[in-house]
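Asks: Below is entry_18.cif; it holds mmCIF, C-alpha atoms (C1' of nucleotides).
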```cif
data_run
loop_
_atom_site.label_atom_id
_atom_site.label_comp_id
_atom_site.auth_asym_id
_atom_site.auth_seq_id
_atom_site.Cartn_x
_atom_site.Cartn_y
_atom_site.Cartn_z
CA MET A 48 -2.15 10.99 15.76
CA PRO A 49 -4.94 12.63 17.76
CA PRO A 50 -8.17 10.70 18.19
CA ILE A 51 -11.06 11.76 15.99
CA ALA A 52 -14.16 12.64 17.93
CA ARG A 53 -17.28 10.71 17.03
CA PRO A 54 -19.38 13.02 14.82
CA GLN A 55 -22.52 14.62 16.18
CA ARG A 56 -25.03 15.05 13.45
CA ALA A 57 -27.26 12.08 12.65
CA ASP A 58 -26.24 11.77 9.00
CA ALA A 59 -22.58 12.09 9.87
CA ARG A 60 -22.79 9.37 12.48
CA ARG A 61 -24.61 7.11 10.07
CA ASN A 62 -21.89 7.54 7.47
CA TYR A 63 -19.16 7.11 10.05
CA ASP A 64 -20.53 3.79 11.25
CA ARG A 65 -21.18 2.63 7.73
CA LEU A 66 -17.64 3.41 6.67
CA ILE A 67 -16.21 1.36 9.50
CA ALA A 68 -18.46 -1.57 8.69
CA VAL A 69 -17.57 -1.51 5.00
CA ALA A 70 -13.88 -0.97 5.73
CA SER A 71 -13.93 -3.93 8.07
CA GLU A 72 -15.15 -6.17 5.25
CA ALA A 73 -12.72 -4.66 2.79
CA VAL A 74 -9.75 -5.19 5.09
CA ALA A 75 -10.70 -8.82 5.65
CA GLU A 76 -11.11 -9.35 1.91
CA ARG A 77 -8.30 -7.34 0.44
CA GLY A 78 -6.00 -6.47 3.31
CA ALA A 79 -4.81 -3.10 4.53
CA ASP A 80 -4.28 -1.83 1.00
CA ALA A 81 -7.94 -1.88 0.05
CA SER A 82 -8.83 1.14 -2.07
CA LEU A 83 -10.25 3.94 0.07
CA ASP A 84 -12.25 5.46 -2.74
CA ASP A 85 -13.75 2.06 -3.28
CA ILE A 86 -14.67 1.75 0.38
CA ALA A 87 -16.32 5.16 0.15
CA LYS A 88 -18.24 4.07 -2.91
CA ARG A 89 -19.38 0.83 -1.30
CA ALA A 90 -20.53 2.80 1.72
CA GLY A 91 -22.48 5.10 -0.58
CA VAL A 92 -20.55 8.27 0.22
CA GLY A 93 -18.07 10.44 -1.64
CA PRO A 94 -14.35 10.27 -1.01
CA GLY A 95 -14.48 13.66 0.67
CA THR A 96 -16.73 12.26 3.37
CA LEU A 97 -14.42 9.37 4.05
CA TYR A 98 -11.39 11.63 4.35
CA ARG A 99 -13.19 14.05 6.64
CA HIS A 100 -13.98 11.31 9.10
CA PHE A 101 -10.68 9.50 8.68
CA PRO A 102 -7.92 11.89 7.58
CA THR A 103 -5.49 9.08 6.85
CA ARG A 104 -5.78 5.40 6.03
CA GLN A 105 -4.30 4.71 9.46
CA HIS A 106 -7.16 6.50 11.20
CA LEU A 107 -9.62 4.25 9.43
CA LEU A 108 -7.63 1.11 10.12
CA ASP A 109 -7.35 2.07 13.78
CA ALA A 110 -11.09 2.50 13.99
CA VAL A 111 -11.70 -0.90 12.40
CA PHE A 112 -9.12 -2.41 14.71
CA HIS A 113 -10.81 -0.90 17.74
CA GLU A 114 -14.13 -2.33 16.66
CA ARG A 115 -12.67 -5.82 16.33
CA ILE A 116 -11.03 -5.61 19.74
CA VAL A 117 -14.36 -4.72 21.29
CA LEU A 118 -15.68 -7.99 19.88
CA LEU A 119 -12.75 -9.91 21.35
CA ARG A 120 -13.39 -8.36 24.75
CA ASP A 121 -17.06 -9.29 24.53
CA GLU A 122 -16.01 -12.82 23.69
CA ALA A 123 -13.78 -12.88 26.76
CA ALA A 124 -16.60 -11.62 28.94
CA ARG A 125 -18.92 -14.29 27.57
CA LEU A 126 -16.35 -16.99 28.28
CA VAL A 127 -15.75 -15.82 31.85
CA GLU A 128 -19.48 -16.00 32.36
CA GLY A 129 -20.39 -19.13 30.48
CA GLU A 130 -17.38 -21.45 30.40
CA PRO A 131 -16.64 -22.89 33.84
CA ASP A 132 -13.40 -24.64 32.81
CA PRO A 133 -10.67 -21.97 33.00
CA VAL A 134 -8.36 -23.75 30.60
CA ALA A 135 -11.04 -24.31 28.00
CA ALA A 136 -12.05 -20.67 28.30
CA LEU A 137 -8.52 -19.42 27.85
CA GLU A 138 -7.98 -21.71 24.90
CA ALA A 139 -11.22 -20.62 23.26
CA TRP A 140 -10.26 -17.00 23.59
CA LEU A 141 -6.78 -17.58 22.21
CA ARG A 142 -8.37 -19.34 19.28
CA ALA A 143 -10.61 -16.34 18.65
CA PHE A 144 -7.63 -14.02 18.97
CA ILE A 145 -5.59 -15.97 16.48
CA GLU A 146 -8.57 -16.17 14.14
CA HIS A 147 -8.83 -12.41 14.33
CA LEU A 148 -5.15 -12.03 13.42
CA ARG A 149 -5.42 -14.39 10.50
CA ARG A 150 -8.56 -12.81 9.15
CA TYR A 151 -7.62 -9.17 9.66
CA ARG A 152 -4.03 -9.61 8.68
CA GLY A 153 -3.76 -5.96 7.66
CA LEU A 154 -4.47 -4.90 11.21
CA SER A 155 -1.50 -6.59 12.82
CA ASP A 156 0.54 -3.40 12.62
CA ALA A 157 -2.17 -1.70 14.62
CA LEU A 158 -1.85 -4.42 17.25
CA LYS A 159 1.88 -3.92 17.35
CA ALA A 160 1.30 -0.22 17.87
CA ILE A 161 -1.00 -0.39 20.87
CA TYR A 162 1.99 -0.34 23.18
CA ASP A 163 3.24 3.00 21.88
CA LYS A 164 0.35 5.04 20.59
CA ASP A 165 -1.34 7.25 23.10
CA ASP A 166 -4.60 8.33 21.58
CA GLU A 167 -7.88 7.35 23.14
CA LEU A 168 -8.70 4.63 20.63
CA MET A 169 -5.44 2.77 21.11
CA ILE A 170 -5.37 3.10 24.86
CA GLY A 171 -8.86 1.71 24.89
CA ALA A 172 -7.83 -1.23 22.72
CA HIS A 173 -4.82 -1.94 24.90
CA ASP A 174 -6.95 -1.93 28.03
CA MET A 175 -9.54 -4.20 26.53
CA LEU A 176 -6.96 -6.73 25.42
CA ARG A 177 -5.21 -6.69 28.76
CA TRP A 178 -8.50 -7.10 30.54
CA SER A 179 -9.51 -10.00 28.29
CA VAL A 180 -6.37 -12.05 28.48
CA GLY A 181 -5.63 -10.95 32.05
CA THR A 182 -8.98 -12.03 33.40
CA LEU A 183 -8.89 -15.42 31.71
CA LEU A 184 -5.29 -16.12 32.60
CA THR A 185 -5.60 -15.03 36.21
CA ARG A 186 -8.61 -17.25 36.65
CA ALA A 187 -6.69 -20.22 35.32
CA GLN A 188 -3.72 -19.40 37.52
CA LYS A 189 -5.87 -19.12 40.64
CA ALA A 190 -7.38 -22.49 39.82
CA GLY A 191 -3.86 -23.87 39.71
CA VAL A 192 -4.07 -24.95 36.10
CA ALA A 193 -1.77 -22.36 34.54
CA ARG A 194 1.83 -21.59 35.34
CA THR A 195 2.30 -18.40 37.30
CA ASP A 196 5.53 -17.13 35.80
CA ILE A 197 3.84 -15.68 32.73
CA ASP A 198 1.50 -12.74 32.45
CA GLY A 199 -1.10 -11.55 30.00
CA SER A 200 1.40 -9.50 28.07
CA ASP A 201 3.53 -12.57 27.36
CA LEU A 202 0.53 -14.51 26.19
CA LEU A 203 -0.69 -11.67 24.01
CA ARG A 204 2.66 -11.28 22.37
CA ILE A 205 3.20 -14.92 21.72
CA GLY A 206 -0.34 -15.29 20.42
CA HIS A 207 0.30 -12.34 18.17
CA GLY A 208 3.40 -13.98 16.78
CA ALA A 209 1.56 -17.23 16.20
CA GLY A 210 -1.37 -15.57 14.46
CA MET A 211 0.87 -13.67 12.11
CA VAL A 212 2.85 -16.67 11.06
CA VAL A 213 -0.08 -18.79 9.98
CA GLU A 214 -1.69 -18.13 6.63
CA PRO A 215 -5.41 -17.31 6.55
CA GLY A 216 -8.09 -19.51 5.07
CA PRO A 217 -8.50 -23.28 5.41
CA ALA A 218 -4.90 -23.78 4.26
CA GLY A 219 -3.57 -22.67 7.62
CA ASP A 220 -6.25 -24.10 9.86
CA GLU A 221 -4.36 -27.19 10.83
CA ARG A 222 -1.15 -25.34 11.55
CA ALA A 223 -3.04 -22.79 13.63
CA GLU A 224 -4.57 -25.61 15.62
CA ARG A 225 -1.12 -27.10 16.22
CA LEU A 226 0.24 -23.79 17.44
CA ILE A 227 -2.71 -23.28 19.76
CA ARG A 228 -2.18 -26.71 21.28
CA LEU A 229 1.52 -25.94 21.64
CA LEU A 230 0.75 -22.67 23.34
CA MET A 231 -1.76 -24.18 25.72
CA ASP A 232 0.76 -26.89 26.43
CA GLY A 233 3.20 -24.22 27.43
CA VAL A 234 0.70 -22.48 29.64
CA GLY A 235 -0.24 -25.54 31.67
CA THR A 236 1.24 -26.22 35.11
CA THR A 237 2.33 -29.70 34.17
CA THR A 238 5.02 -28.31 31.92
CA LYS A 239 7.01 -25.99 34.06
CA ALA A 240 7.15 -24.74 37.63
CA MET B 1031 5.29 -17.04 -10.20
CA PRO B 1032 8.01 -18.53 -12.39
CA PRO B 1033 11.59 -17.69 -11.54
CA ILE B 1034 13.26 -15.07 -13.68
CA ALA B 1035 16.46 -16.27 -15.28
CA ARG B 1036 19.55 -14.22 -14.57
CA PRO B 1037 20.18 -12.08 -17.65
CA GLN B 1038 23.04 -12.85 -19.98
CA ARG B 1039 24.38 -9.69 -21.49
CA ALA B 1040 26.93 -7.74 -19.47
CA ASP B 1041 24.93 -4.49 -19.27
CA ALA B 1042 21.77 -6.36 -18.32
CA ARG B 1043 23.52 -8.23 -15.55
CA ARG B 1044 25.01 -5.01 -14.24
CA ASN B 1045 21.58 -3.37 -14.08
CA TYR B 1046 20.05 -6.44 -12.52
CA ASP B 1047 22.56 -6.53 -9.69
CA ARG B 1048 22.35 -2.81 -9.19
CA LEU B 1049 18.59 -2.90 -8.94
CA ILE B 1050 18.72 -5.54 -6.23
CA ALA B 1051 21.30 -3.57 -4.26
CA VAL B 1052 19.33 -0.35 -4.47
CA ALA B 1053 16.06 -2.13 -3.73
CA SER B 1054 17.64 -3.71 -0.67
CA GLU B 1055 18.47 -0.29 0.74
CA ALA B 1056 15.08 1.08 -0.21
CA VAL B 1057 13.23 -1.76 1.50
CA ALA B 1058 15.24 -1.30 4.68
CA GLU B 1059 14.61 2.44 4.64
CA ARG B 1060 11.03 2.68 3.46
CA GLY B 1061 9.61 -0.80 3.69
CA ALA B 1062 8.01 -2.95 1.04
CA ASP B 1063 6.06 -0.01 -0.38
CA ALA B 1064 9.11 1.86 -1.63
CA SER B 1065 8.45 3.47 -4.99
CA LEU B 1066 9.65 1.26 -7.83
CA ASP B 1067 10.16 4.13 -10.24
CA ASP B 1068 12.28 5.73 -7.57
CA ILE B 1069 14.35 2.58 -7.15
CA ALA B 1070 14.86 2.53 -10.92
CA LYS B 1071 15.94 6.15 -10.86
CA ARG B 1072 18.36 5.58 -7.98
CA ALA B 1073 19.83 2.65 -9.87
CA GLY B 1074 20.26 4.86 -12.91
CA VAL B 1075 17.88 2.94 -15.18
CA GLY B 1076 14.45 3.60 -16.65
CA PRO B 1077 11.31 2.05 -15.23
CA GLY B 1078 11.04 -0.18 -18.26
CA THR B 1079 14.31 -1.83 -17.35
CA LEU B 1080 13.22 -2.50 -13.83
CA TYR B 1081 9.94 -4.04 -14.94
CA ARG B 1082 11.63 -6.22 -17.52
CA HIS B 1083 13.90 -7.76 -14.91
CA PHE B 1084 11.24 -7.87 -12.20
CA PRO B 1085 7.75 -8.04 -13.71
CA THR B 1086 6.07 -7.41 -10.37
CA ARG B 1087 7.06 -5.83 -7.10
CA GLN B 1088 6.97 -9.32 -5.61
CA HIS B 1089 9.65 -10.54 -7.99
CA LEU B 1090 11.94 -7.77 -6.86
CA LEU B 1091 11.19 -8.33 -3.19
CA ASP B 1092 11.81 -12.05 -3.61
CA ALA B 1093 15.19 -11.35 -5.17
CA VAL B 1094 16.15 -9.00 -2.34
CA PHE B 1095 14.92 -11.56 0.16
CA HIS B 1096 17.01 -14.26 -1.45
CA GLU B 1097 20.09 -12.08 -1.26
CA ARG B 1098 19.58 -11.47 2.45
CA ILE B 1099 19.09 -15.16 3.14
CA VAL B 1100 22.39 -15.91 1.43
CA LEU B 1101 24.01 -13.60 3.95
CA LEU B 1102 22.31 -15.38 6.83
CA ARG B 1103 23.54 -18.72 5.54
CA ASP B 1104 27.07 -17.34 5.26
CA GLU B 1105 26.80 -16.13 8.82
CA ALA B 1106 25.73 -19.63 9.92
CA ALA B 1107 28.67 -21.16 8.07
CA ARG B 1108 31.05 -18.72 9.74
CA LEU B 1109 29.63 -19.57 13.15
CA VAL B 1110 29.89 -23.31 12.63
CA GLU B 1111 33.51 -22.76 11.70
CA GLY B 1112 34.57 -20.11 14.18
CA GLU B 1113 32.41 -20.40 17.29
CA PRO B 1114 33.19 -23.56 19.25
CA ASP B 1115 30.39 -23.11 21.80
CA PRO B 1116 27.25 -24.54 20.12
CA VAL B 1117 24.86 -22.58 22.29
CA ALA B 1118 26.65 -19.28 21.70
CA ALA B 1119 26.70 -20.00 17.97
CA LEU B 1120 23.00 -20.76 17.83
CA GLU B 1121 22.20 -17.69 19.86
CA ALA B 1122 24.35 -15.48 17.64
CA TRP B 1123 22.61 -16.76 14.55
CA LEU B 1124 19.17 -16.27 16.04
CA ARG B 1125 20.16 -12.74 16.89
CA ALA B 1126 21.22 -12.14 13.29
CA PHE B 1127 17.99 -13.70 12.05
CA ILE B 1128 15.86 -11.50 14.26
CA GLU B 1129 17.90 -8.47 13.27
CA HIS B 1130 17.21 -9.30 9.66
CA LEU B 1131 13.47 -9.50 10.34
CA ARG B 1132 13.42 -6.22 12.17
CA ARG B 1133 15.44 -4.40 9.54
CA TYR B 1134 13.79 -5.86 6.46
CA ARG B 1135 10.32 -5.79 7.88
CA GLY B 1136 8.79 -5.63 4.43
CA LEU B 1137 10.26 -9.01 3.58
CA SER B 1138 8.50 -10.97 6.29
CA ASP B 1139 5.74 -11.95 3.89
CA ALA B 1140 8.37 -13.46 1.67
CA LEU B 1141 9.62 -15.48 4.62
CA LYS B 1142 6.11 -16.66 5.32
CA ALA B 1143 5.83 -17.74 1.72
CA ILE B 1144 8.90 -19.92 1.48
CA TYR B 1145 6.90 -22.93 2.61
CA ASP B 1146 4.47 -22.68 -0.26
CA LYS B 1147 6.16 -21.12 -3.24
CA ASP B 1148 7.90 -23.46 -5.58
CA ASP B 1149 10.10 -21.36 -7.79
CA GLU B 1150 13.84 -21.77 -7.72
CA LEU B 1151 14.52 -18.66 -5.70
CA MET B 1152 12.19 -19.60 -2.87
CA ILE B 1153 13.21 -23.24 -2.75
CA GLY B 1154 16.79 -22.04 -2.52
CA ALA B 1155 15.93 -19.70 0.33
CA HIS B 1156 14.06 -22.41 2.17
CA ASP B 1157 16.99 -24.81 1.83
CA MET B 1158 19.50 -22.24 3.01
CA LEU B 1159 17.46 -21.39 6.07
CA ARG B 1160 16.91 -25.02 6.94
CA TRP B 1161 20.56 -25.72 6.51
CA SER B 1162 21.55 -22.77 8.69
CA VAL B 1163 19.29 -23.39 11.62
CA GLY B 1164 19.45 -27.17 11.21
CA THR B 1165 23.22 -27.32 11.34
CA LEU B 1166 23.50 -25.09 14.35
CA LEU B 1167 20.68 -26.75 16.24
CA THR B 1168 21.81 -30.29 15.52
CA ARG B 1169 25.30 -29.46 16.70
CA ALA B 1170 23.89 -28.14 19.98
CA GLN B 1171 21.66 -31.17 20.35
CA LYS B 1172 24.53 -33.58 19.76
CA ALA B 1173 26.54 -31.74 22.39
CA GLY B 1174 23.66 -32.34 24.77
CA VAL B 1175 22.99 -28.66 25.34
CA ALA B 1176 19.74 -28.31 23.44
CA ARG B 1177 16.49 -30.17 23.90
CA THR B 1178 15.84 -32.77 21.26
CA ASP B 1179 12.07 -32.48 20.91
CA ILE B 1180 12.27 -29.42 18.68
CA ASP B 1181 13.53 -29.10 15.14
CA GLY B 1182 14.82 -26.33 12.94
CA SER B 1183 11.39 -25.57 11.59
CA ASP B 1184 10.05 -24.88 15.06
CA LEU B 1185 12.93 -22.59 15.84
CA LEU B 1186 12.60 -20.76 12.54
CA ARG B 1187 8.93 -20.18 13.03
CA ILE B 1188 9.21 -18.99 16.59
CA GLY B 1189 12.12 -16.74 15.69
CA HIS B 1190 10.05 -15.38 12.86
CA GLY B 1191 7.22 -14.55 15.21
CA ALA B 1192 9.60 -12.90 17.64
CA GLY B 1193 11.28 -10.80 14.97
CA MET B 1194 8.00 -9.54 13.63
CA VAL B 1195 6.65 -8.50 16.96
CA VAL B 1196 9.56 -6.28 17.95
CA GLU B 1197 9.79 -2.81 16.47
CA PRO B 1198 12.93 -1.93 14.51
CA GLY B 1199 15.52 0.62 15.60
CA PRO B 1200 17.02 1.14 19.05
CA ALA B 1201 13.51 1.38 20.52
CA GLY B 1202 13.04 -2.36 20.26
CA ASP B 1203 16.57 -3.49 21.04
CA GLU B 1204 15.95 -4.31 24.64
CA ARG B 1205 12.77 -6.19 23.97
CA ALA B 1206 14.45 -8.15 21.20
CA GLU B 1207 17.22 -9.09 23.60
CA ARG B 1208 14.64 -10.27 26.14
CA LEU B 1209 12.91 -12.43 23.57
CA ILE B 1210 16.19 -13.95 22.42
CA ARG B 1211 17.08 -14.85 25.98
CA LEU B 1212 13.61 -16.32 26.45
CA LEU B 1213 13.99 -18.36 23.30
CA MET B 1214 17.42 -19.65 24.23
CA ASP B 1215 16.05 -20.46 27.62
CA GLY B 1216 13.42 -22.58 25.97
CA VAL B 1217 15.95 -24.32 23.79
CA GLY B 1218 18.26 -25.39 26.62
CA THR B 1219 18.17 -28.89 28.04
CA THR B 1220 17.77 -27.64 31.59
CA THR B 1221 14.27 -26.47 30.83
CA LYS B 1222 12.51 -29.49 29.49
CA ALA B 1223 13.16 -33.12 28.77
"C1'" DG C 1000 -43.52 25.07 9.96
"C1'" DG C 1001 -40.34 28.51 8.16
"C1'" DA C 1002 -35.92 30.47 8.25
"C1'" DC C 1003 -31.15 30.49 9.39
"C1'" DA C 1004 -26.68 28.99 10.85
"C1'" DA C 1005 -23.81 25.29 11.43
"C1'" DT C 1006 -22.53 21.09 9.93
"C1'" DA C 1007 -21.78 17.80 6.54
"C1'" DC C 1008 -21.80 16.02 1.74
"C1'" DG C 1009 -19.69 14.70 -2.73
"C1'" DG C 1010 -17.43 14.94 -6.92
"C1'" DA C 1011 -14.10 17.27 -10.06
"C1'" DG C 1012 -9.52 17.27 -10.52
"C1'" DA C 1013 -4.47 17.69 -9.15
"C1'" DC C 1014 -0.97 14.61 -7.83
"C1'" DG C 1015 2.00 10.68 -7.59
"C1'" DG C 1016 2.95 5.80 -8.18
"C1'" DT C 1017 2.45 1.64 -11.39
"C1'" DC C 1018 3.23 -0.51 -15.51
"C1'" DT C 1019 3.39 -0.87 -20.90
"C1'" DC C 1020 4.75 -0.05 -25.44
"C1'" DC C 1021 7.85 0.61 -28.87
"C1'" DG C 1022 11.48 3.32 -31.27
"C1'" DC C 1023 16.32 3.67 -30.21
"C1'" DT C 1024 20.91 1.89 -28.48
"C1'" DT C 1025 24.41 -1.37 -27.38
"C1'" DA C 1026 26.86 -5.78 -26.81
"C1'" DG C 1027 28.70 -9.53 -28.84
"C1'" DC C 1028 29.85 -12.09 -32.79
"C1'" DA C 1029 31.83 -13.17 -37.39
"C1'" DT D 153 33.29 -3.22 -39.42
"C1'" DG D 154 28.74 -4.51 -40.00
"C1'" DC D 155 24.91 -7.14 -38.47
"C1'" DT D 156 21.44 -8.80 -35.28
"C1'" DA D 157 19.61 -10.11 -31.05
"C1'" DA D 158 19.25 -8.33 -26.63
"C1'" DG D 159 18.43 -4.65 -23.92
"C1'" DC D 160 17.31 0.25 -22.78
"C1'" DG D 161 14.33 4.08 -21.31
"C1'" DG D 162 10.91 7.40 -21.26
"C1'" DA D 163 6.27 9.08 -22.79
"C1'" DG D 164 1.96 8.27 -21.36
"C1'" DA D 165 -2.29 5.54 -20.01
"C1'" DC D 166 -4.23 4.10 -15.82
"C1'" DC D 167 -5.47 3.92 -11.04
"C1'" DG D 168 -5.50 5.14 -6.18
"C1'" DT D 169 -4.93 9.16 -2.94
"C1'" DC D 170 -6.43 13.29 -1.17
"C1'" DT D 171 -8.25 18.37 -1.44
"C1'" DC D 172 -11.24 22.10 -2.31
"C1'" DC D 173 -15.32 24.30 -2.39
"C1'" DG D 174 -20.10 24.88 -4.12
"C1'" DT D 175 -24.26 22.47 -2.64
"C1'" DA D 176 -27.30 20.00 0.53
"C1'" DT D 177 -28.97 18.57 5.05
"C1'" DT D 178 -29.70 18.93 9.98
"C1'" DG D 179 -31.18 20.88 14.09
"C1'" DT D 180 -32.71 24.97 16.33
"C1'" DC D 181 -35.14 29.09 17.46
"C1'" DC D 182 -39.16 31.60 16.89
#
```
Would you mind giving the structure from this file in structure tokens?

Replies:
Amino acid sequence: MPPIARPQRADARRNYDRLIAVASEAVAERGADASLDDIAKRAGVGPGTLYRHFPTRQHLLDAVFHERIVLLRDEAARLVEGEPDPVAALEAWLRAFIEHLRRYRGLSDALKAIYDKDDELMIGAHDMLRWSVGTLLTRAQKAGVARTDIDGSDLLRIGHGAGMVVEPGPAGDERAERLIRLLMDGVGTTTKA
Amino acid sequence: MPPIARPQRADARRNYDRLIAVASEAVAERGADASLDDIAKRAGVGPGTLYRHFPTRQHLLDAVFHERIVLLRDEAARLVEGEPDPVAALEAWLRAFIEHLRRYRGLSDALKAIYDKDDELMIGAHDMLRWSVGTLLTRAQKAGVARTDIDGSDLLRIGHGAGMVVEPGPAGDERAERLIRLLMDGVGTTTKA
DNA sequence: GGACAATACGGAGACGGTCTCCGCTTAGCA
DNA sequence: TGCTAAGCGGAGACCGTCTCCGTATTGTCC
């Protein structure tokens, strides 16, 4: 799936951005099966416009996914900057990551695919995630408060698994919290060499 | 979602069983979105018949899910009987479990739901899974070769996460193997108190 | 600011999957 | 063999997907 270039004309760009924003809501509300015609309608454009910008549902989902990952990277950057405790920072980011997975459940296939796909969007997402978790984990490891026999990829994958297994909404909040504590437990140096 | 009683008349029962068998194939091949009319056609019945037995797609998926879980329980029983090494038995079952998840990817939502749903089918599935993993794990724990601070539920959940994160087909085989080894590593008594 | 490409829009409609309704068929029983 | 309850199945309404192409808008050049 080749990446779709960002459109040039002002009206096109406006519609493009709007579609992503509306789709983002729709995916959170109704999952990956949200009606595309409905998304187009809510964005105030015709179906033709949606399909020109995003030839398949997957293109649209990928774009939404990318947008959410940007937010997660920003969160990581903020934590590196503003949270001096490396463990607290890592935990906060993992919490945000798992929240993302629970809320945008329909996007978890996209996350699974970042390892394989090779278009610009997905490579970008992969890099951002690696940077986020890598930076936070390395910092904790250098401070001697995280075991050194795991890497960002491990943490990402296990966080992914955890996020997918916990239902969204308040119903799963407590279980999510338990899993996060378990994970952080496993990351700490006190647990294992 | 109330459970659907198994039909009584011979022809109805024949169609019911056939639909599940065909649906099972279809889900493995095309995922949870497989066309229901197509499943009906492949089973040699009209769509009306399918929808009478399984009012919603979820009913059909649940039935297929239940059938697969029966097989996993049988596998556990066989291992308890025929594999004297408790660790090897547990590992073999986990491998089968993860294989199931990779192959019947579309059923993972059903697995997630067994904790909440309260119809007969799902309670049965939950019990069978708990029995399977519980029996194998307890045996290993009693033999002193598995840590005692985890229970079947933990193992089920973590196996679930692992199975969902690895792509199906030969492409993911190696990664699946790595995760299984990691899991078994974590289960062993050498690792943790 | 007018005119002209180039770019983009949008909705009618074909297509395919979902699900229902109800007239017809069959199994099982006496 | 005849009766009746149970079950069958397909026509068709409905809804979401996606395309095609006539129309509209943008940006540019003078």

Asks: Mind telling me what the PyMOL selection byres ((chain C) within 12 of (chain A)) catches here, as a short mmCIF file (atom, residue, chain, number, x, y, z; two decimals) with C-alpha atoms (C1' of nucleotides), keeping the file's coordinate frame?

Replies:
```
data_model
loop_
_atom_site.label_atom_id
_atom_site.label_comp_id
_atom_site.auth_asym_id
_atom_site.auth_seq_id
_atom_site.Cartn_x
_atom_site.Cartn_y
_atom_site.Cartn_z
"C1'" DA C 1005 -23.81 25.29 11.43
"C1'" DT C 1006 -22.53 21.09 9.93
"C1'" DA C 1007 -21.78 17.80 6.54
"C1'" DC C 1008 -21.80 16.02 1.74
"C1'" DG C 1009 -19.69 14.70 -2.73
"C1'" DG C 1010 -17.43 14.94 -6.92
"C1'" DA C 1011 -14.10 17.27 -10.06
#
```

Asks: Need to verify the contact set: stretch 200-209 of chain A, 9 Å, only C-alpha atoms (C1' of nucleotides), exclusion of same-chain residues closer than 6 positions in sequence. Can you return it as a list of chain:residue names?

Replies: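 Everything that qualifies: A:Leu141, A:Phe144, A:Ile145, A:Leu148, A:Ser155, A:Leu158, A:Lys159, A:Leu176, A:Arg177, A:Val180, A:Gly181, A:Leu184, A:Ala223, A:Leu226, A:Ile227, A:Leu230, A:Val234, B:Arg1187, B:Ile1188, B:His1190, B:Gly1191, B:Ala1192, B:Gly1193, B:Met1194, B:Val1195.
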
Asks: Can you translate the PyMOL selection byres ((chain D) within 9 of (chain A)) into the concrete residues it hits in this file, as an MDAnalysis selection string?

Replies: chainID D and resid 168:171 177:179

Asks: Please measure the separation of atom C1' of C:DG1015 and atom CA of B:Arg1132, giving the value in Å to one decimal.

Replies: 28.4 Å

Asks: Between atom CA of B:Gln1171 and atom CA of B:Ala1122, what distance in Å does the model show, to one decimal?

Replies: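 We find that atom CA of B:Gln1171 and atom CA of B:Ala1122 lie 16.1 Å from each other.
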
Asks: What lies within 9 Å of B:Glu1059 using all atoms listed in the file, ignoring chain neighbours under 4 positions off, as number ranges by chain?

Replies: B: 1054-1055, 1064, 1133-1134

Asks: Would you list the contacts of C:DC1028 as a list in words, taking every protein, DNA or RNA residue within 12 Å and counting all atoms listed in the file, but skipping same-chain residues closer than 3 positions in sequence?

Replies: DT153, DG154, DC155, DT156 and DA157 of chain D

Asks: Pick out the closest residue to B:Gly1218 from this set: B:Thr1165, B:Ala1201, B:Val1117, B:Asp1139. Count only C-alpha atoms.

Replies: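 Selected residue with least distance to B:Gly1218: B:Val1117.
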
Asks: Work out how far apart atom CA of A:Gly91 and atom CA of A:Asn62 are and give it in Å to one decimal.

Replies: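 Computing it gives 8.4 Å between the two atoms.
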
Asks: Suppose a student applies the PyMOL selection byres ((chain A and resi 136) around 12) to this structure; what residues should they get, written as a count of residues only?

Replies: 31

Asks: Under the rule that all atoms listed in the file are counted, which of B:Arg1060, B:His1156, B:Arg1103, B:Arg1135 is the nearest residue to chain A?

Replies: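 Among the listed residues, the smallest separation from chain A belongs to B:Arg1135.
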
Asks: Return as lines of an AutoDock Vina configuration file the centre and edge lengths, in Å with one decimal, of the box along x, y and z that encloses every atom of stretch 1009-1020 of chain C in the file, padded by 8 Å per side.

Replies:
```
center_x = -7.5
center_y = 8.4
center_z = -14.1
size_x = 40.4
size_y = 34.6
size_z = 38.7
```

Asks: Which residue is closest to chain B? Choose from A:Asp163, A:Met175, A:Glu224, A:Asp198 and count only C-alpha atoms.

Replies: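 Counting only C-alpha atoms, the residue closest to chain B is A:Asp163.
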